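Next comes query-v8.cif, a file with mmCIF, C-alpha atoms.
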data_my_file
loop_
_atom_site.group_PDB
_atom_site.id
_atom_site.type_symbol
_atom_site.label_atom_id
_atom_site.label_comp_id
_atom_site.auth_asym_id
_atom_site.auth_seq_id
_atom_site.Cartn_x
_atom_site.Cartn_y
_atom_site.Cartn_z
ATOM 1 C CA MET A 1 208.657 94.078 140.851
ATOM 2 C CA LYS A 2 206.802 97.231 139.800
ATOM 3 C CA THR A 3 203.961 95.133 138.390
ATOM 4 C CA LEU A 4 203.737 93.060 141.569
ATOM 5 C CA SER A 5 203.749 96.244 143.623
ATOM 6 C CA ASP A 6 200.912 97.674 141.520
ATOM 7 C CA ILE A 7 198.886 94.477 141.977
ATOM 8 C CA GLY A 8 199.503 94.580 145.725
ATOM 9 C CA CYS A 9 198.361 98.194 145.922
ATOM 10 C CA PHE A 10 195.240 97.297 143.959
ATOM 11 C CA LEU A 11 194.423 94.418 146.342
ATOM 12 C CA ILE A 12 194.694 96.435 149.544
ATOM 13 C CA GLY A 13 193.318 99.623 147.980
ATOM 14 C CA TRP A 14 196.369 101.825 148.468
ATOM 15 C CA ASN A 15 197.399 104.548 146.069
ATOM 16 C CA LYS A 16 200.686 103.524 144.494
ATOM 17 C CA GLU A 17 201.677 107.152 143.823
ATOM 18 C CA ILE A 18 201.331 108.052 147.493
ATOM 19 C CA LEU A 19 203.215 104.889 148.511
ATOM 20 C CA LYS A 20 206.180 105.944 146.332
ATOM 21 C CA GLU A 21 206.600 109.066 148.437
ATOM 22 C CA CYS A 22 206.515 107.136 151.717
ATOM 23 C CA GLY A 23 209.361 105.704 153.755
ATOM 24 C CA GLU A 24 210.261 102.194 154.871
ATOM 25 C CA ALA A 25 207.613 102.099 157.618
ATOM 26 C CA SER A 26 204.810 102.453 155.071
ATOM 27 C CA HIS A 27 206.360 99.821 152.822
ATOM 28 C CA ARG A 28 206.536 97.419 155.764
ATOM 29 C CA GLN A 29 202.910 98.178 156.611
ATOM 30 C CA TYR A 30 202.036 97.573 152.971
ATOM 31 C CA ARG A 31 203.772 94.182 152.975
ATOM 32 C CA LYS A 32 202.098 93.150 156.239
ATOM 33 C CA LEU A 33 198.635 94.066 154.985
ATOM 34 C CA LEU A 34 199.255 92.356 151.644
ATOM 35 C CA SER A 35 200.471 89.186 153.385
ATOM 36 C CA ALA A 36 197.474 89.117 155.706
ATOM 37 C CA ILE A 37 194.971 89.664 152.914
ATOM 38 C CA CYS A 38 196.646 87.017 150.719
ATOM 39 C CA ILE A 39 196.418 84.504 153.581
ATOM 40 C CA MET A 40 192.697 85.257 153.990
ATOM 41 C CA MET A 41 192.025 84.994 150.270
ATOM 42 C CA LEU A 42 193.854 81.661 149.979
ATOM 43 C CA LEU A 43 192.080 80.328 153.064
ATOM 44 C CA TRP A 44 188.599 81.265 151.903
ATOM 45 C CA GLY A 45 189.349 80.281 148.338
ATOM 46 C CA THR A 46 190.072 76.780 149.634
ATOM 47 C CA ILE A 47 186.911 76.819 151.761
ATOM 48 C CA GLY A 48 184.848 77.970 148.776
ATOM 49 C CA PHE A 49 186.264 75.234 146.527
ATOM 50 C CA CYS A 50 185.571 72.527 149.138
ATOM 51 C CA PHE A 51 182.082 73.908 149.762
ATOM 52 C CA ALA A 52 181.240 73.866 146.053
ATOM 53 C CA ASP A 53 182.625 70.341 145.645
ATOM 54 C CA ARG A 54 181.002 68.802 148.703
ATOM 55 C CA TYR A 55 177.702 70.579 149.249
ATOM 56 C CA ILE A 56 176.658 72.393 146.078
ATOM 57 C CA ASN A 57 177.469 69.224 144.074
ATOM 58 C CA ILE A 58 179.188 71.124 141.263
ATOM 59 C CA GLU A 59 181.038 68.717 138.980
ATOM 60 C CA SER A 60 182.721 71.253 136.703
ATOM 61 C CA THR A 61 186.165 72.280 137.907
ATOM 62 C CA VAL A 62 185.719 75.679 136.247
ATOM 63 C CA LEU A 63 182.558 76.355 138.258
ATOM 64 C CA LYS A 64 184.266 75.216 141.464
ATOM 65 C CA ILE A 65 187.068 77.674 140.771
ATOM 66 C CA GLY A 66 184.411 80.325 140.095
ATOM 67 C CA VAL A 67 182.845 79.733 143.522
ATOM 68 C CA SER A 68 186.319 79.820 145.072
ATOM 69 C CA LEU A 69 187.070 83.164 143.406
ATOM 70 C CA THR A 70 183.720 84.508 144.622
ATOM 71 C CA PHE A 71 184.634 83.647 148.213
ATOM 72 C CA MET A 72 188.025 85.282 147.736
ATOM 73 C CA LEU A 73 186.427 88.430 146.315
ATOM 74 C CA ILE A 74 184.011 88.700 149.253
ATOM 75 C CA VAL A 75 186.863 88.388 151.750
ATOM 76 C CA LEU A 76 188.922 90.929 149.802
ATOM 77 C CA CYS A 77 186.086 93.456 149.884
ATOM 78 C CA VAL A 78 185.511 92.919 153.614
ATOM 79 C CA GLU A 79 189.186 93.392 154.445
ATOM 80 C CA ARG A 80 189.535 96.470 152.238
ATOM 81 C CA VAL A 81 186.745 98.137 154.218
ATOM 82 C CA ILE A 82 189.022 97.937 157.266
ATOM 83 C CA ILE A 83 192.210 98.862 155.431
ATOM 84 C CA LEU A 84 190.721 101.925 153.738
ATOM 85 C CA THR A 85 189.153 103.316 156.909
ATOM 86 C CA VAL A 86 190.603 106.696 157.774
ATOM 87 C CA GLY A 87 191.013 107.282 161.509
ATOM 88 C CA LYS A 88 189.388 105.237 164.268
ATOM 89 C CA ALA A 89 186.062 103.471 163.766
ATOM 90 C CA ARG A 90 185.058 101.652 166.934
ATOM 91 C CA LEU A 91 181.687 100.495 165.625
ATOM 92 C CA MET A 92 183.320 99.070 162.518
ATOM 93 C CA THR A 93 185.929 97.359 164.694
ATOM 94 C CA THR A 94 183.196 95.736 166.796
ATOM 95 C CA MET A 95 181.319 94.590 163.699
ATOM 96 C CA ARG A 96 184.526 93.164 162.210
ATOM 97 C CA VAL A 97 185.233 91.184 165.378
ATOM 98 C CA MET A 98 181.695 89.744 165.332
ATOM 99 C CA LEU A 99 182.036 88.960 161.622
ATOM 100 C CA ALA A 100 185.386 87.294 162.300
ATOM 101 C CA LEU A 101 183.795 85.002 164.893
ATOM 102 C CA CYS A 102 181.010 84.040 162.477
ATOM 103 C CA MET A 103 183.431 83.422 159.612
ATOM 104 C CA ALA A 104 185.725 81.409 161.878
ATOM 105 C CA PHE A 105 182.796 79.254 162.990
ATOM 106 C CA LEU A 106 181.731 78.590 159.386
ATOM 107 C CA GLY A 107 185.281 77.864 158.281
ATOM 108 C CA ALA A 108 185.881 75.554 161.237
ATOM 109 C CA CYS A 109 182.666 73.654 160.478
ATOM 110 C CA ILE A 110 183.623 73.118 156.840
ATOM 111 C CA PHE A 111 187.207 72.137 157.649
ATOM 112 C CA ASP A 112 186.076 69.793 160.428
ATOM 113 C CA GLN A 113 183.645 68.074 158.090
ATOM 114 C CA ILE A 114 186.553 67.425 155.737
ATOM 115 C CA ILE A 115 189.057 66.403 158.417
ATOM 116 C CA PHE A 116 186.616 64.181 160.362
ATOM 117 C CA ARG A 117 185.078 62.758 157.177
ATOM 118 C CA ASN A 118 185.325 59.080 158.189
ATOM 119 C CA ASP A 119 183.997 59.697 161.696
ATOM 120 C CA ILE A 120 181.200 61.849 160.309
ATOM 121 C CA GLU A 121 180.192 59.188 157.782
ATOM 122 C CA GLN A 122 179.997 56.632 160.571
ATOM 123 C CA ALA A 123 177.870 59.004 162.691
ATOM 124 C CA ILE A 124 175.608 59.701 159.705
ATOM 125 C CA GLN A 125 175.172 55.964 159.115
ATOM 126 C CA GLU A 126 174.222 55.397 162.746
ATOM 127 C CA HIS A 127 171.767 58.276 162.588
ATOM 128 C CA ARG A 128 170.277 56.964 159.356
ATOM 129 C CA GLU A 129 169.771 53.550 160.921
ATOM 130 C CA ASP A 130 167.621 55.208 163.578
ATOM 131 C CA VAL A 131 165.766 57.118 160.858
ATOM 132 C CA ILE A 132 165.170 53.868 158.941
ATOM 133 C CA LYS A 133 163.768 52.129 162.025
ATOM 134 C CA GLU A 134 161.462 55.043 162.791
ATOM 135 C CA THR A 135 160.309 55.330 159.170
ATOM 136 C CA VAL A 136 159.688 51.586 158.852
ATOM 137 C CA THR A 137 157.626 51.616 162.060
ATOM 138 C CA LYS A 138 155.467 54.494 160.794
ATOM 139 C CA ARG A 139 154.932 52.907 157.395
ATOM 140 C CA LEU A 140 154.120 49.515 158.900
ATOM 141 C CA PHE A 141 151.499 51.217 161.057
ATOM 142 C CA VAL A 142 149.929 52.722 157.943
ATOM 143 C CA PHE A 143 150.006 49.343 156.170
ATOM 144 C CA GLU A 144 148.386 47.612 159.150
ATOM 145 C CA ASN A 145 145.584 50.175 159.205
ATOM 146 C CA ASP A 146 144.960 49.741 155.482
ATOM 147 C CA ILE A 147 145.003 45.935 155.772
ATOM 148 C CA GLN A 148 142.580 45.993 158.709
ATOM 149 C CA ARG A 149 140.233 48.378 156.891
ATOM 150 C CA ILE A 150 140.176 46.361 153.673
ATOM 151 C CA THR A 151 139.844 43.076 155.588
ATOM 152 C CA HIS A 152 136.875 44.477 157.542
ATOM 153 C CA ASP A 153 135.160 45.661 154.343
ATOM 154 C CA MET A 154 135.898 42.340 152.668
ATOM 155 C CA ASP A 155 134.478 40.306 155.575
ATOM 156 C CA SER A 156 131.330 42.435 155.688
ATOM 157 C CA LEU A 157 130.801 42.051 151.954
ATOM 158 C CA SER A 158 131.495 38.292 152.141
ATOM 159 C CA LYS A 159 128.831 37.841 154.816
ATOM 160 C CA ALA A 160 126.310 39.775 152.729
ATOM 161 C CA THR A 161 127.267 37.687 149.679
ATOM 162 C CA ILE A 162 126.710 34.436 151.586
ATOM 163 C CA VAL A 163 123.228 35.598 152.541
ATOM 164 C CA ILE A 164 122.471 36.489 148.921
ATOM 165 C CA GLY A 165 123.775 33.096 147.768
ATOM 166 C CA GLU A 166 121.506 31.276 150.224
ATOM 167 C CA GLN A 167 118.518 33.282 148.981
ATOM 168 C CA LEU A 168 119.397 32.448 145.390
ATOM 169 C CA GLN A 169 119.587 28.737 146.212
ATOM 170 C CA LYS A 170 116.092 28.904 147.640
ATOM 171 C CA ARG A 171 114.672 31.089 144.875
ATOM 172 C CA PRO A 172 116.804 30.953 141.700
ATOM 173 C CA THR A 173 113.845 32.373 139.801
ATOM 174 C CA ILE A 174 110.926 34.590 140.649
ATOM 175 C CA LYS A 175 107.483 34.936 139.139
ATOM 176 C CA GLY A 176 106.243 38.167 137.717
ATOM 177 C CA THR A 177 103.032 39.373 136.210
ATOM 178 C CA ASN A 178 102.493 41.309 133.019
ATOM 179 C CA VAL A 179 99.336 43.388 132.866
ATOM 180 C CA THR A 180 98.106 44.358 129.382
ATOM 181 C CA THR A 181 95.339 46.925 128.893
ATOM 182 C CA GLN A 182 93.274 46.966 125.686
ATOM 183 C CA GLU A 183 90.367 49.060 124.484
ATOM 184 C CA GLN A 184 87.377 47.424 122.783
ATOM 185 C CA VAL A 185 84.276 48.892 121.201
ATOM 186 C CA VAL A 186 80.988 47.268 122.333
ATOM 187 C CA MET A 187 77.336 48.132 121.817
ATOM 188 C CA GLY A 188 75.531 49.542 124.795
ATOM 189 C CA GLU A 189 71.977 48.733 125.866
ATOM 190 C CA ASP A 190 70.739 51.763 124.040
ATOM 191 C CA GLY A 191 72.453 50.597 120.859
ATOM 192 C CA THR A 192 75.284 53.129 120.865
ATOM 193 C CA PRO A 193 78.932 52.010 120.583
ATOM 194 C CA LYS A 194 81.099 52.381 123.717
ATOM 195 C CA LYS A 195 84.836 52.004 124.426
ATOM 196 C CA VAL A 196 85.613 49.518 127.121
ATOM 197 C CA LYS A 197 89.075 48.844 128.618
ATOM 198 C CA THR A 198 90.012 45.269 129.314
ATOM 199 C CA GLN A 199 93.069 44.002 131.196
ATOM 200 C CA SER A 200 94.816 40.689 130.719
ATOM 201 C CA VAL A 201 97.220 39.358 133.391
ATOM 202 C CA ASN A 202 100.013 36.918 132.429
ATOM 203 C CA THR A 203 102.348 35.200 134.875
ATOM 204 C CA VAL A 204 106.011 34.882 133.738
ATOM 205 C CA THR A 205 109.116 33.273 135.301
ATOM 206 C CA MET A 206 112.366 35.344 135.396
ATOM 207 C CA ALA A 207 115.849 35.112 136.909
ATOM 208 C CA ASN A 208 116.230 36.443 140.446
ATOM 209 C CA PRO A 209 117.749 40.004 140.356
ATOM 210 C CA LEU A 210 119.925 39.024 143.305
ATOM 211 C CA ALA A 211 122.102 37.098 140.832
ATOM 212 C CA GLU A 212 123.453 40.409 139.451
ATOM 213 C CA GLN A 213 124.091 41.661 142.957
ATOM 214 C CA LEU A 214 125.927 38.424 143.775
ATOM 215 C CA LYS A 215 128.114 38.846 140.681
ATOM 216 C CA ALA A 216 128.972 42.468 141.596
ATOM 217 C CA ASN A 217 129.800 41.436 145.162
ATOM 218 C CA ASN A 218 132.128 38.673 143.987
ATOM 219 C CA GLU A 219 133.942 41.094 141.693
ATOM 220 C CA GLN A 220 134.401 43.581 144.541
ATOM 221 C CA ILE A 221 135.649 40.804 146.831
ATOM 222 C CA GLN A 222 138.244 39.890 144.214
ATOM 223 C CA ILE A 223 139.368 43.537 144.055
ATOM 224 C CA TYR A 224 139.752 43.556 147.844
ATOM 225 C CA ALA A 225 141.725 40.301 147.680
ATOM 226 C CA ASN A 226 144.123 41.785 145.087
ATOM 227 C CA GLN A 227 144.588 44.903 147.225
ATOM 228 C CA LEU A 228 145.351 42.803 150.298
ATOM 229 C CA GLU A 229 147.870 40.728 148.382
ATOM 230 C CA GLN A 230 149.610 43.869 147.101
ATOM 231 C CA LEU A 231 149.678 45.419 150.582
ATOM 232 C CA ARG A 232 151.133 42.259 152.113
ATOM 233 C CA GLN A 233 153.805 42.142 149.403
ATOM 234 C CA ASP A 234 154.679 45.812 149.914
ATOM 235 C CA LYS A 235 154.774 45.205 153.656
ATOM 236 C CA LYS A 236 157.399 42.493 153.174
ATOM 237 C CA ASP A 237 159.589 44.818 151.087
ATOM 238 C CA ILE A 238 159.092 47.947 153.202
ATOM 239 C CA ALA A 239 162.318 47.547 155.208
ATOM 240 C CA GLU A 240 164.443 46.982 152.099
ATOM 241 C CA LYS A 241 162.842 49.854 150.169
ATOM 242 C CA THR A 242 163.133 52.277 153.093
ATOM 243 C CA THR A 243 166.797 51.361 153.650
ATOM 244 C CA ALA A 244 167.616 51.908 149.979
ATOM 245 C CA GLU A 245 165.662 55.176 149.906
ATOM 246 C CA VAL A 246 167.380 56.656 152.975
ATOM 247 C CA ASN A 247 170.884 55.494 152.022
ATOM 248 C CA GLN A 248 170.571 56.917 148.504
ATOM 249 C CA ARG A 249 170.143 60.439 149.841
ATOM 250 C CA ALA A 250 173.185 62.643 149.337
ATOM 251 C CA PRO A 251 174.574 63.924 152.665
ATOM 252 C CA GLY A 252 173.464 67.516 153.228
ATOM 253 C CA PHE A 253 175.345 70.310 154.961
ATOM 254 C CA ILE A 254 172.967 70.327 157.950
ATOM 255 C CA GLU A 255 173.121 66.543 158.293
ATOM 256 C CA GLU A 256 176.920 66.597 158.277
ATOM 257 C CA LEU A 257 176.948 69.576 160.637
ATOM 258 C CA GLU A 258 174.795 67.665 163.144
ATOM 259 C CA ALA A 259 177.063 64.641 162.760
ATOM 260 C CA THR A 260 180.102 66.885 163.295
ATOM 261 C CA LEU A 261 178.650 68.294 166.497
ATOM 262 C CA HIS A 262 177.881 64.739 167.626
ATOM 263 C CA VAL A 263 181.466 63.618 166.942
ATOM 264 C CA VAL A 264 182.951 66.687 168.625
ATOM 265 C CA SER A 265 180.700 66.426 171.687
ATOM 266 C CA GLN A 266 181.397 62.713 172.153
ATOM 267 C CA SER A 267 185.192 62.946 171.981
ATOM 268 C CA PRO A 268 187.308 65.301 174.163
ATOM 269 C CA VAL A 269 190.157 65.036 171.648
ATOM 270 C CA SER A 270 187.874 66.172 168.823
ATOM 271 C CA LEU A 271 186.538 69.002 170.964
ATOM 272 C CA VAL A 272 190.048 70.259 171.760
ATOM 273 C CA PHE A 273 191.015 70.072 168.082
ATOM 274 C CA TYR A 274 187.879 71.978 167.068
ATOM 275 C CA ILE A 275 188.568 74.707 169.633
ATOM 276 C CA ILE A 276 192.163 75.039 168.413
ATOM 277 C CA LEU A 277 191.028 75.228 164.789
ATOM 278 C CA PHE A 278 188.331 77.754 165.673
ATOM 279 C CA CYS A 279 190.811 79.958 167.533
ATOM 280 C CA PHE A 280 193.316 79.656 164.674
ATOM 281 C CA LEU A 281 190.751 80.811 162.108
ATOM 282 C CA THR A 282 189.517 83.579 164.403
ATOM 283 C CA PHE A 283 193.032 84.967 164.820
ATOM 284 C CA LEU A 284 193.567 84.790 161.071
ATOM 285 C CA GLU A 285 190.316 86.686 160.527
ATOM 286 C CA LEU A 286 191.514 89.414 162.880
ATOM 287 C CA PHE A 287 194.940 89.709 161.224
ATOM 288 C CA VAL A 288 194.125 92.742 159.115
ATOM 289 C CA LEU A 289 192.155 94.377 161.916
ATOM 290 C CA THR A 290 195.019 94.066 164.413
ATOM 291 C CA ILE A 291 197.566 95.316 161.876
ATOM 292 C CA LYS A 292 195.378 98.295 161.046
ATOM 293 C CA MET A 293 194.296 99.190 164.572
ATOM 294 C CA GLY A 294 197.221 97.942 166.650
ATOM 295 C CA ASP A 295 200.244 99.511 165.004
ATOM 296 C CA SER A 296 201.080 103.197 165.137
ATOM 297 C CA LYS A 297 200.236 105.197 162.060
ATOM 298 C CA CYS A 298 202.731 105.050 159.220
ATOM 299 C CA ASP A 299 203.505 107.994 156.978
ATOM 300 C CA TYR A 300 201.041 106.693 154.347
ATOM 301 C CA ASP A 301 198.190 107.033 156.860
ATOM 302 C CA LEU A 302 199.496 110.428 157.926
ATOM 303 C CA ILE A 303 199.591 111.637 154.310
ATOM 304 C CA VAL A 304 196.019 110.455 153.696
ATOM 305 C CA GLU A 305 194.783 112.089 156.906
ATOM 306 C CA ASN A 306 196.699 115.243 156.105
ATOM 307 C CA GLN A 307 195.106 115.424 152.668
ATOM 308 C CA LEU A 308 191.715 114.931 154.314
ATOM 309 C CA ASN A 309 192.384 117.751 156.802
ATOM 310 C CA LEU A 310 193.602 120.040 154.048
ATOM 311 C CA LYS A 311 190.440 119.391 152.030
ATOM 312 C CA LYS A 312 188.309 120.130 155.089
ATOM 313 C CA LYS A 313 190.123 123.421 155.751
ATOM 314 C CA LEU A 314 189.881 124.393 152.084
ATOM 315 C CA MET A 315 186.154 123.707 152.030
ATOM 316 C CA GLU A 316 185.662 125.688 155.270
ATOM 317 C CA GLN A 317 187.618 128.646 153.893
ATOM 318 C CA THR A 318 185.662 128.524 150.649
ATOM 319 C CA SER A 319 182.371 128.471 152.560
ATOM 320 C CA GLN A 320 183.420 131.439 154.712
ATOM 321 C CA SER A 321 184.510 133.404 151.639
ATOM 322 C CA LEU A 322 181.156 132.822 149.958
ATOM 323 C CA LEU A 323 179.277 133.900 153.114
ATOM 324 C CA MET A 324 181.366 137.106 153.373
ATOM 325 C CA LYS A 325 180.704 137.946 149.714
ATOM 326 C CA LYS A 326 176.979 137.482 150.219
ATOM 327 C CA ALA A 327 177.035 139.610 153.352
ATOM 328 C CA ALA A 328 178.913 142.371 151.527
#
Output the file's structure in the form of structure tokens.
Amino acid sequence: MKTLSDIGCFLIGWNKEILKECGEASHRQYRKLLSAICIMMLLWGTIGFCFADRYINIESTVLKIGVSLTFMLIVLCVERVIILTVGKARLMTTMRVMLALCMAFLGACIFDQIIFRNDIEQAIQEHREDVIKETVTKRLFVFENDIQRITHDMDSLSKATIVIGEQLQKRPTIKGTNVTTQEQVVMGEDGTPKKVKTQSVNTVTMANPLAEQLKANNEQIQIYANQLEQLRQDKKDIAEKTTAEVNQRAPGFIEELEATLHVVSQSPVSLVFYIILFCFLTFLELFVLTIKMGDSKCDYDLIVENQLNLKKKLMEQTSQSLLMKKAA
């Protein structure tokens, strides 16, 4: 029992030596505070474990327990701030009430998402069906624009290719001329040698250069045709791919929270249950605060306050003594 008592004093921050000197009222206050803080730690330990399992996607049980212990430690530290406060602290009381409301809201959300799991999954599925329809419509619009653009470019290039083909049928070959310049030495009238340039012109037949252009156009048309075929195939599979993509997403906390609010707002029974759960958690959060602020002071509190007052008086007397010595 002594060991358990020491652990209890450690949890709520009380001095076990002072508690030994106190009467039954302090021991009852000690047991009430310890019970309240144990309830809060167990509650938030459960919430932390569920949060780690459902939303952080931690598979290791050891890590889940670690997150649970972290939640418990945070709650313990928050409650000890209230328990270890000496005297009245109205601002702290107000902040604790606001914190209790926030914590109750978070706890209620997490518990509701576990309790209403089947209803939430159904609401998420309905929401995802709307998301799939909207996504498919947007992607089909993009595909249609791409198909129209490529088809337009392909038609324009096909028309130009037809014109080139008709020109090639009329003139498969073209004639060209080669001009060759040569220098010759001839004797002038005065008998001196002179250089004279002579040009020779030869007519040759060559393939029409439009044949290369026609070949390049046909290759580009084939590329366009392959792109159109791929786009049409992707367009057929867009609904199936989008459905698989959306359904494979792991449910997030925000998505489940929105689904929870949808379920609660659509059903009066769910709304009443949520309000009851919220009030229950809020009252639990305020347990320690009401015990600390509502009850009359026990002898443990009186001893602590008395020690504080004695220290203040001692420090004041010491300060006055020092001032008198300096004045003398």
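For region 274-284 of chain A, the non-local neighbours within 6 Å, defined as residues at least 4 positions apart in the same chain or in other chains and counting only C-alpha atoms, are A:Ala100, A:Leu101, A:Ala104, A:Ala108.
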Check your understanding: In terms of the shortest atom-to-atom distance over all atoms listed in the file, which of A:Val136, A:Ile120, A:Val81, A:Met98 is closest to Asp234 (chain A)?
Key ->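 Nearest candidate to Asp234 (chain A) out of A:Val136, A:Ile120, A:Val81, A:Met98: A:Val136.
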Exercise for review: Work out how far CA of Arg80 (chain A) is from CA of Ile12 (chain A), in Å to one decimal.
Suggested key: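 Value for the CA of Ile12 (chain A)-CA of Arg80 (chain A) distance: 5.8 Å.
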Would you tabulate, counting only C-alpha atoms, all residues of region 61-147 of chain A that have an atom at most 10 Å from an atom of region 229-232 of chain A, showing the closest pair of atoms and their distance in Å to one decimal, sorted by chain then ascending number, as JSON lines?
{"residue": "A:Phe143", "atom": "CA", "partner": "A:Leu231", "partner_atom": "CA", "distance": 6.8}
{"residue": "A:Glu144", "atom": "CA", "partner": "A:Leu231", "partner_atom": "CA", "distance": 8.9}
{"residue": "A:Asp146", "atom": "CA", "partner": "A:Leu231", "partner_atom": "CA", "distance": 8.1}
{"residue": "A:Ile147", "atom": "CA", "partner": "A:Leu231", "partner_atom": "CA", "distance": 7.0}
Point to revise | Two-atom distance - CA of Asn247 (chain A), CA of Ile65 (chain A) (Å) | key: 29.7 Å
